[in-house]
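K.L.:
upload-v6.txt is reproduced below (compact mmCIF, C-alpha atoms).
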```txt
# COMPACT_ATOMS: atom_id res chain seq x y z
CA MET A 24 0.00 0.00 0.00
CA ASN A 25 1.38 3.39 -1.00
CA THR A 26 1.17 6.58 1.09
CA VAL A 27 -0.14 9.75 -0.56
CA ILE A 28 -0.85 13.29 0.61
CA SER A 29 -4.64 13.42 0.35
CA GLY A 30 -5.12 16.72 2.18
CA PHE A 31 -3.15 19.75 3.26
CA GLY A 32 -3.69 23.04 5.05
CA TYR A 33 -1.95 25.81 6.94
CA ALA A 34 -2.87 28.63 9.29
CA LEU A 35 -1.13 31.93 9.96
CA PRO A 36 -1.96 34.69 12.45
CA SER A 37 -3.51 37.85 11.07
CA ALA A 38 -0.93 40.25 12.50
CA THR A 39 1.98 41.00 10.16
CA ILE A 40 5.13 42.23 11.90
CA ASP A 41 7.61 44.07 9.68
CA ASN A 42 11.26 44.77 10.40
CA LYS A 43 10.52 48.36 11.37
CA THR A 44 8.43 47.05 14.26
CA ILE A 45 11.13 44.57 15.29
CA VAL A 46 13.65 47.44 15.47
CA GLU A 47 11.34 49.21 17.92
CA TRP A 48 11.43 46.13 20.17
CA MET A 49 15.14 45.38 20.27
CA ASN A 50 18.60 46.72 19.55
CA THR A 51 19.02 45.98 15.84
CA THR A 52 18.47 47.59 12.42
CA GLU A 53 16.24 46.86 9.45
CA GLU A 54 19.35 46.51 7.25
CA PHE A 55 20.88 43.93 9.60
CA ILE A 56 17.73 41.83 9.71
CA GLU A 57 17.27 41.83 5.95
CA THR A 58 20.90 41.23 4.97
CA ARG A 59 21.61 38.61 7.64
CA THR A 60 18.34 36.68 7.51
CA GLY A 61 16.35 37.65 4.43
CA VAL A 62 13.24 38.07 6.59
CA LEU A 63 11.04 41.05 5.72
CA THR A 64 7.88 40.18 7.63
CA ARG A 65 6.53 37.48 9.93
CA GLN A 66 3.14 36.68 11.48
CA HIS A 67 2.60 36.83 15.27
CA ILE A 68 -0.39 35.63 17.26
CA SER A 69 -2.30 37.79 19.71
CA GLU A 70 -2.08 37.49 23.50
CA ASN A 71 -5.29 35.44 23.55
CA GLU A 72 -4.21 32.94 20.87
CA SER A 73 -2.01 29.87 21.13
CA THR A 74 -0.31 27.18 19.05
CA GLY A 75 -3.40 24.99 19.43
CA VAL A 76 -5.64 27.56 17.73
CA LEU A 77 -3.39 27.57 14.66
CA MET A 78 -3.06 23.79 14.64
CA VAL A 79 -6.81 23.21 14.75
CA GLU A 80 -7.38 25.59 11.82
CA ALA A 81 -4.66 23.92 9.73
CA CYS A 82 -5.92 20.42 10.54
CA LYS A 83 -9.52 21.25 9.68
CA LYS A 84 -8.40 22.57 6.30
CA ALA A 85 -6.34 19.42 5.65
CA ILE A 86 -9.20 17.07 6.55
CA GLU A 87 -11.62 19.03 4.37
CA LYS A 88 -9.15 19.07 1.46
CA ALA A 89 -8.87 15.29 1.74
CA ASN A 90 -12.66 15.03 1.40
CA LEU A 91 -12.79 13.24 4.74
CA LEU A 92 -14.68 13.65 7.98
CA PRO A 93 -12.96 13.91 11.38
CA GLU A 94 -14.08 10.36 12.22
CA ASP A 95 -12.15 9.08 9.19
CA ILE A 96 -8.82 10.02 10.80
CA ASP A 97 -7.34 7.01 12.61
CA MET A 98 -4.11 8.54 13.99
CA LEU A 99 -2.84 12.00 14.91
CA ILE A 100 0.87 12.87 15.04
CA VAL A 101 1.84 16.31 16.34
CA ASN A 102 5.18 18.10 16.44
CA THR A 103 5.79 21.35 18.32
CA LEU A 104 8.39 22.99 20.54
CA SER A 105 5.86 25.57 21.74
CA PRO A 106 2.83 23.64 23.03
CA ASP A 107 -0.08 25.28 24.79
CA TYR A 108 0.89 23.44 27.99
CA HIS A 109 4.03 21.63 29.09
CA ASP A 110 2.05 18.40 29.46
CA PRO A 111 0.09 16.30 28.62
CA SER A 112 0.66 16.10 24.89
CA GLN A 113 -0.44 18.75 22.42
CA ALA A 114 -1.99 15.91 20.41
CA CYS A 115 -4.32 15.06 23.28
CA LEU A 116 -5.23 18.73 23.59
CA ILE A 117 -6.32 19.20 20.00
CA GLN A 118 -7.88 15.74 19.47
CA PRO A 119 -11.30 16.71 20.94
CA MET A 120 -11.05 20.19 19.43
CA LEU A 121 -10.97 18.48 16.04
CA SER A 122 -13.79 16.04 16.93
CA LEU A 123 -11.51 13.10 16.20
CA LYS A 124 -12.56 9.70 17.52
CA ASN A 125 -11.68 9.27 21.20
CA THR A 126 -10.16 5.83 20.67
CA ILE A 127 -7.47 6.54 18.09
CA PRO A 128 -3.77 6.88 18.99
CA VAL A 129 -2.56 10.49 19.23
CA PHE A 130 0.94 11.52 20.26
CA ASP A 131 3.63 14.19 20.09
CA ILE A 132 7.09 13.86 18.60
CA ARG A 133 9.99 16.23 19.25
CA ALA A 134 11.93 16.36 15.99
CA GLN A 135 11.92 20.17 16.03
CA CYS A 136 12.09 21.71 12.55
CA SER A 137 12.33 18.22 10.98
CA GLY A 138 8.97 17.30 12.50
CA LEU A 139 7.02 16.99 9.25
CA ILE A 140 9.61 14.64 7.76
CA TYR A 141 9.72 12.48 10.88
CA GLY A 142 5.92 12.49 11.06
CA MET A 143 5.49 11.51 7.41
CA ASP A 144 7.97 8.66 7.76
CA ILE A 145 6.28 7.37 10.93
CA ALA A 146 2.87 7.60 9.26
CA ARG A 147 3.91 5.67 6.17
CA GLN A 148 5.13 2.78 8.34
CA PHE A 149 1.68 2.43 9.94
CA ILE A 150 -0.04 2.74 6.56
CA ALA A 151 2.27 0.12 5.05
CA THR A 152 1.15 -2.43 7.66
CA GLY A 153 -2.48 -1.93 6.65
CA THR A 154 -3.55 -1.03 10.20
CA HIS A 155 -4.21 2.66 9.42
CA GLN A 156 -5.79 4.38 6.45
CA ASN A 157 -5.76 8.14 7.13
CA ILE A 158 -3.14 9.71 9.38
CA LEU A 159 -3.12 13.40 10.25
CA VAL A 160 0.31 14.98 10.78
CA CYS A 161 0.37 18.50 12.21
CA CYS A 162 3.30 20.79 13.05
CA GLY A 163 2.95 24.28 14.47
CA GLU A 164 4.50 26.96 16.64
CA ALA A 165 3.80 30.17 18.51
CA LEU A 166 7.42 31.28 18.77
CA SER A 167 6.59 34.96 19.32
CA LYS A 168 5.63 34.11 22.89
CA ARG A 169 9.19 32.97 23.56
CA MET A 170 11.12 35.92 22.15
CA ASP A 171 14.07 37.32 24.08
CA TYR A 172 14.34 41.03 23.38
CA SER A 173 17.78 41.38 24.99
CA ASP A 174 21.03 41.60 23.04
CA GLU A 175 21.73 37.98 23.98
CA GLY A 176 18.62 36.69 22.25
CA ARG A 177 18.02 39.17 19.43
CA ASN A 178 19.85 37.33 16.60
CA LEU A 179 17.35 34.49 16.91
CA SER A 180 14.30 36.52 17.90
CA ILE A 181 14.44 38.64 14.73
CA LEU A 182 13.74 35.45 12.77
CA LEU A 183 10.77 34.05 14.64
CA GLY A 184 7.27 33.70 13.26
CA ASP A 185 4.10 31.80 14.17
CA GLY A 186 2.07 29.35 12.13
CA ALA A 187 0.95 25.76 11.66
CA GLY A 188 0.57 23.31 8.83
CA ALA A 189 -0.93 19.85 8.45
CA VAL A 190 -1.18 17.01 5.97
CA VAL A 191 -3.45 13.99 5.78
CA LEU A 192 -1.55 10.91 4.63
CA SER A 193 -3.74 8.18 3.19
CA ALA A 194 -3.36 4.64 1.94
CA SER A 195 -3.53 4.33 -1.84
CA GLU A 196 -3.17 1.58 -4.39
CA ASP A 197 -1.90 4.08 -6.95
CA GLN A 198 1.76 3.18 -7.40
CA ASN A 199 2.42 6.20 -9.63
CA LYS A 200 2.30 8.74 -6.81
CA GLY A 201 3.07 9.15 -3.13
CA ILE A 202 6.08 8.75 -0.83
CA LEU A 203 8.88 7.02 -2.73
CA ASP A 204 11.36 7.14 0.12
CA ALA A 205 12.14 8.91 3.39
CA ALA A 206 15.30 9.33 5.41
CA ILE A 207 15.44 10.59 9.00
CA HIS A 208 18.59 11.22 11.03
CA ALA A 209 19.77 12.69 14.32
CA ASP A 210 23.03 13.44 16.11
CA GLY A 211 22.60 14.38 19.76
CA SER A 212 26.21 15.49 20.08
CA TYR A 213 24.97 18.74 18.52
CA PHE A 214 22.40 19.24 21.28
CA GLU A 215 23.84 22.61 22.32
CA LEU A 216 23.56 24.29 18.92
CA LEU A 217 20.04 25.47 19.77
CA TRP A 218 18.32 24.73 23.06
CA THR A 219 15.94 25.86 25.77
CA GLU A 220 16.84 24.99 29.35
CA SER A 221 13.53 25.37 31.20
CA PRO A 222 11.20 23.81 32.12
CA GLY A 223 13.42 20.84 32.75
CA THR A 224 14.72 18.56 35.50
CA SER A 225 18.48 18.77 35.05
CA GLY A 226 18.92 21.20 37.93
CA LYS A 227 21.60 23.09 36.00
CA THR A 228 21.84 25.64 33.25
CA PHE A 229 24.34 25.97 30.44
CA SER A 230 24.38 29.74 30.77
CA GLY A 231 24.24 29.95 34.54
CA ASP A 232 21.48 32.59 34.40
CA GLU A 233 18.24 31.06 35.68
CA SER A 234 16.21 34.16 34.80
CA LYS A 235 16.74 33.46 31.10
CA CYS A 236 16.29 29.68 31.11
CA SER A 237 12.99 29.73 29.24
CA TYR A 238 14.45 31.53 26.22
CA PHE A 239 16.00 29.95 23.14
CA ARG A 240 19.78 30.00 23.03
CA MET A 241 21.76 29.42 19.85
CA ASN A 242 25.35 28.82 18.85
CA GLY A 243 24.83 30.66 15.57
CA LYS A 244 28.04 30.00 13.64
CA ALA A 245 28.12 26.30 14.47
CA MET A 246 24.39 25.97 13.72
CA PHE A 247 24.84 27.61 10.32
CA LYS A 248 27.70 25.30 9.38
CA HIS A 249 25.99 22.10 10.51
CA ALA A 250 22.64 23.01 8.95
CA VAL A 251 24.19 23.73 5.55
CA GLU A 252 26.23 20.53 5.77
CA LYS A 253 23.27 18.28 6.59
CA PHE A 254 20.83 19.96 4.18
CA THR A 255 23.38 19.35 1.42
CA GLU A 256 24.35 15.86 2.56
CA VAL A 257 20.85 14.41 2.84
CA THR A 258 19.93 15.80 -0.57
CA VAL A 259 22.98 14.26 -2.23
CA GLN A 260 22.43 10.93 -0.45
CA THR A 261 18.78 10.78 -1.52
CA LEU A 262 19.60 11.53 -5.15
CA LYS A 263 22.44 9.01 -5.20
CA LYS A 264 20.32 6.27 -3.63
CA HIS A 265 17.73 6.59 -6.39
CA ASN A 266 20.16 7.25 -9.25
CA LEU A 267 18.77 10.72 -9.72
CA SER A 268 20.35 14.05 -10.56
CA MET A 269 19.18 17.51 -9.58
CA GLU A 270 17.71 17.84 -13.07
CA ASP A 271 15.28 15.00 -12.23
CA ILE A 272 13.82 16.93 -9.28
CA ASP A 273 11.01 19.27 -10.25
CA VAL A 274 10.50 21.03 -6.92
CA ILE A 275 12.44 21.30 -3.66
CA ILE A 276 10.47 22.11 -0.53
CA PRO A 277 12.88 23.02 2.29
CA HIS A 278 12.49 24.09 5.87
CA GLN A 279 12.91 27.88 6.01
CA PRO A 280 15.60 28.61 8.66
CA ASN A 281 16.90 31.84 7.12
CA MET A 282 17.87 33.00 3.66
CA ARG A 283 21.63 32.72 4.24
CA ILE A 284 21.35 29.00 4.97
CA LEU A 285 19.07 28.43 1.98
CA ASP A 286 21.40 30.41 -0.30
CA ALA A 287 24.40 28.37 0.86
CA VAL A 288 22.59 25.08 0.17
CA ILE A 289 21.35 26.29 -3.22
CA ASN A 290 24.92 27.26 -4.15
CA ASN A 291 26.40 23.99 -2.84
CA LEU A 292 24.02 21.90 -4.90
CA GLY A 293 23.79 24.14 -7.94
CA ILE A 294 20.00 24.19 -7.71
CA PRO A 295 18.07 26.52 -10.03
CA ARG A 296 16.30 28.93 -7.69
CA ASN A 297 13.02 28.54 -9.55
CA LYS A 298 12.88 24.93 -8.31
CA VAL A 299 13.05 25.95 -4.65
CA GLN A 300 9.97 26.99 -2.69
CA ILE A 301 10.94 29.98 -0.53
CA ASN A 302 8.73 31.93 1.87
CA VAL A 303 11.10 32.82 4.74
CA HIS A 304 11.00 36.45 3.59
CA LYS A 305 7.23 36.51 4.28
CA TYR A 306 6.88 34.33 7.37
CA GLY A 307 10.30 34.15 9.03
CA ASN A 308 11.38 30.92 10.70
CA ILE A 309 8.31 29.08 12.05
CA ALA A 310 10.39 26.10 13.26
CA SER A 311 8.36 22.91 12.70
CA GLY A 312 5.47 24.90 11.22
CA SER A 313 7.67 25.98 8.34
CA LEU A 314 7.80 22.77 6.27
CA PRO A 315 4.08 21.93 6.20
CA THR A 316 3.24 25.57 5.50
CA THR A 317 5.68 25.65 2.57
CA LEU A 318 4.41 22.31 1.27
CA SER A 319 0.79 23.43 1.58
CA GLU A 320 1.53 26.71 -0.19
CA TYR A 321 3.09 24.82 -3.09
CA MET A 322 0.13 22.48 -3.40
CA GLU A 323 -2.37 25.32 -3.02
CA ASN A 324 -0.69 27.49 -5.67
CA THR A 325 0.02 24.71 -8.16
CA PRO A 326 -3.07 23.20 -9.82
CA PRO A 327 -3.30 19.39 -9.56
CA GLU A 328 -2.85 18.97 -13.30
CA GLU A 329 0.38 21.00 -13.18
CA ARG A 330 1.95 19.13 -10.28
CA GLU A 331 0.79 15.67 -11.38
CA GLY A 332 3.79 13.44 -12.02
CA LYS A 333 6.24 16.01 -10.64
CA LEU A 334 9.06 14.72 -8.46
CA GLY A 335 9.53 16.64 -5.23
CA LEU A 336 12.13 16.59 -2.48
CA ILE A 337 11.12 17.75 1.00
CA VAL A 338 14.19 18.49 3.13
CA GLY A 339 14.62 19.75 6.67
CA TYR A 340 17.06 20.37 9.49
CA GLY A 341 16.29 21.09 13.12
CA SER A 342 17.92 21.41 16.50
CA GLY A 343 18.85 18.24 18.31
CA ALA A 344 20.31 17.95 15.73
CA THR A 345 17.75 16.31 13.43
CA TRP A 346 17.49 16.25 9.65
CA GLY A 347 15.90 14.27 6.88
CA SER A 348 14.21 14.11 3.50
CA VAL A 349 11.09 12.80 1.78
CA LEU A 350 11.15 11.93 -1.91
CA TYR A 351 7.61 12.39 -3.19
CA LYS A 352 5.88 11.82 -6.54
CA PHE A 353 2.98 14.24 -6.92
```
As C-alpha cells - that is how I would like this structure written.

P.N.:
Amino acid sequence: MNTVISGFGYALPSATIDNKTIVEWMNTTEEFIETRTGVLTRQHISENESTGVLMVEACKKAIEKANLLPEDIDMLIVNTLSPDYHDPSQACLIQPMLSLKNTIPVFDIRAQCSGLIYGMDIARQFIATGTHQNILVCCGEALSKRMDYSDEGRNLSILLGDGAGAVVLSASEDQNKGILDAAIHADGSYFELLWTESPGTSGKTFSGDESKCSYFRMNGKAMFKHAVEKFTEVTVQTLKKHNLSMEDIDVIIPHQPNMRILDAVINNLGIPRNKVQINVHKYGNIASGSLPTTLSEYMENTPPEEREGKLGLIVGYGSGATWGSVLYKF
C-alpha cells in the first residue's frame, strides 16, 4: 500500500510584523535583519491565541481538502516545541477540538524543525502495515511568545514567526504517486547548537542565568555550518540512492531557517532557484510549522494537473540535531 498526501492546510496569524516594528522592540536595524536573515515580515499571534488555535485551523483545512470527515482520521501525530501546555501532549489537547474519535492513537514527537519529515515517515510505516488508512500529521508553533528582546537573544528573535501546517496521509493503491522514500537522522552530540533549558529537571543551566532559562539560546556560527552541511548531505544521499540528478527533481520544498542558509545550500548543490519553494521572507522561521506551510503553499498554488507526475524533495534540518528528506511523486 502506498502513502499519498490526500489533504493539506496551513494557518497563519492575522498580524503581520515588519522589520521596522522589530527594530522598535530590540537593539538591531532593518538593514541587519534583511541582509543577515532575508526576513522582511513574519506573522505573530495575539495574546489570547495559542499554538493549538493555529493547529486546529490547519488540521480542519487538511481534513476538508482530503474530502474526509474527522471520524475518518485514525491517527494524529503532532510536532511542536511551543505547546499550549508543558504536558500532557499537544496531540491530546487538539484531538477533541478536532472532533476526532476518542479511541485513536494520538501523540507528540519532538523532531523540532524536521517534525514533518519524521511524522510523514512514521505515518507511512503504519499505513504500510495496513492497520491505518488516514493519518493526520500537524506541526505548528507560537514562537513569538518565547522571544528574548535582549542583546543575547536578538539574533534568533528577529527570525521568529508563528504558524501551523498539516497534511493527511492516506493509503492508496496508486503506485504512480506518493512517498517514494524517506530518510530521518539525528546526532545528539549537537544538542547545544540550539536549546531551551527550562522547564526541565536537570537542575543546572548551560548559561548559569536562571532568569533566562525559558528563552531559546543558539550557537549561531556552528548551527549555520551544521545546517548547511546536513541539508546538502541528505539531498545528495537521496539523489544518489535513487540514481537521480538535480535535473530530475522538479521542486524542492525546504524548511525555512533563514535566507543565508538556503542560499548556501542552493549554491552547494547548484540548484536553479526557480525549483526551490521559498517563503522565509514573508513568514520568518516558524520552526516545525515551516515545512508543512511551505508544502501546503506549493500544493495550493500549483493546480493538480500541473503538479501531477512532478518529483519533489522535501528536506529539513532542526535542532537536536535532526534532519531528513522525503522523496515524493505528486

K.L.:
Please list as a ChimeraX atom specification every residue within 8 Å of A:Leu217, counting all atoms listed in the file and excluding residues in the same chain fewer than 2 positions away.

P.N.:
/A:214-215,219,239-242,246,342-343

K.L.:
Please indicate the distance in Å from atom CA of A:Ala81 to atom CA of A:Val338, rounded to one decimal place.

P.N.:
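Straight-line distance from atom CA of A:Ala81 to atom CA of A:Val338 works out to 20.7 Å.
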
K.L.:
Between A:Val257, A:Ile181, A:Leu314, A:Leu334, single out the one closest to A:Thr58, counting only C-alpha atoms.

P.N.:
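The answer is A:Ile181, which sits nearest to A:Thr58.
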
K.L.:
Please provide the set of residues having any atom within 9 Å of A:Gly307, restricted to all atoms listed in the file, with same-chain residues fewer than 2 positions apart removed, written as a list in words.

P.N.:
Thr60, Gly61, Val62, Leu63, Thr64, Arg65, Gln66, Ile181, Leu182, Leu183, Gly184, Asp185, Gln279, Pro280, Asn281, Asn302, Val303, His304, Lys305, Ile309 and Ser313 of chain A

K.L.:
Could those selected residues go to a file with C-alpha atoms, as a CSV table (one decimal), in the frame of the given file?

P.N.:
```csv
chain,number,residue,atom,x,y,z
A,60,THR,CA,18.3,36.7,7.5
A,61,GLY,CA,16.4,37.6,4.4
A,62,VAL,CA,13.2,38.1,6.6
A,63,LEU,CA,11.0,41.0,5.7
A,64,THR,CA,7.9,40.2,7.6
A,65,ARG,CA,6.5,37.5,9.9
A,66,GLN,CA,3.1,36.7,11.5
A,181,ILE,CA,14.4,38.6,14.7
A,182,LEU,CA,13.7,35.4,12.8
A,183,LEU,CA,10.8,34.0,14.6
A,184,GLY,CA,7.3,33.7,13.3
A,185,ASP,CA,4.1,31.8,14.2
A,279,GLN,CA,12.9,27.9,6.0
A,280,PRO,CA,15.6,28.6,8.7
A,281,ASN,CA,16.9,31.8,7.1
A,302,ASN,CA,8.7,31.9,1.9
A,303,VAL,CA,11.1,32.8,4.7
A,304,HIS,CA,11.0,36.4,3.6
A,305,LYS,CA,7.2,36.5,4.3
A,309,ILE,CA,8.3,29.1,12.0
A,313,SER,CA,7.7,26.0,8.3
```

K.L.:
Which is closest to A:Thr52 among A:Lys244, A:Asn178, A:Thr39, A:Met322, if we use all atoms listed in the file?

P.N.:
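Closest to A:Thr52, using all atoms listed in the file: A:Asn178.
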
K.L.:
Suppose you want the space between atom CA of A:Ala165 and atom CA of A:Ile207; what is it in Å?

P.N.:
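Interatomic distance, atom CA of A:Ala165 to atom CA of A:Ile207: 24.7 Å.
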
K.L.:
So what do you get for atom CA of A:Ala114 versus atom CA of A:Ile127, distance-wise?

P.N.:
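We find that atom CA of A:Ala114 and atom CA of A:Ile127 lie 11.1 Å from each other.
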
K.L.:
Using all atoms listed in the file, can you tell me which of A:Lys88, A:Arg330, A:Lys83, A:Arg133 comes closest to A:Leu121?

P.N.:
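Checking each of A:Lys88, A:Arg330, A:Lys83, A:Arg133 against A:Leu121, counting all atoms listed in the file, the winner is A:Lys83.
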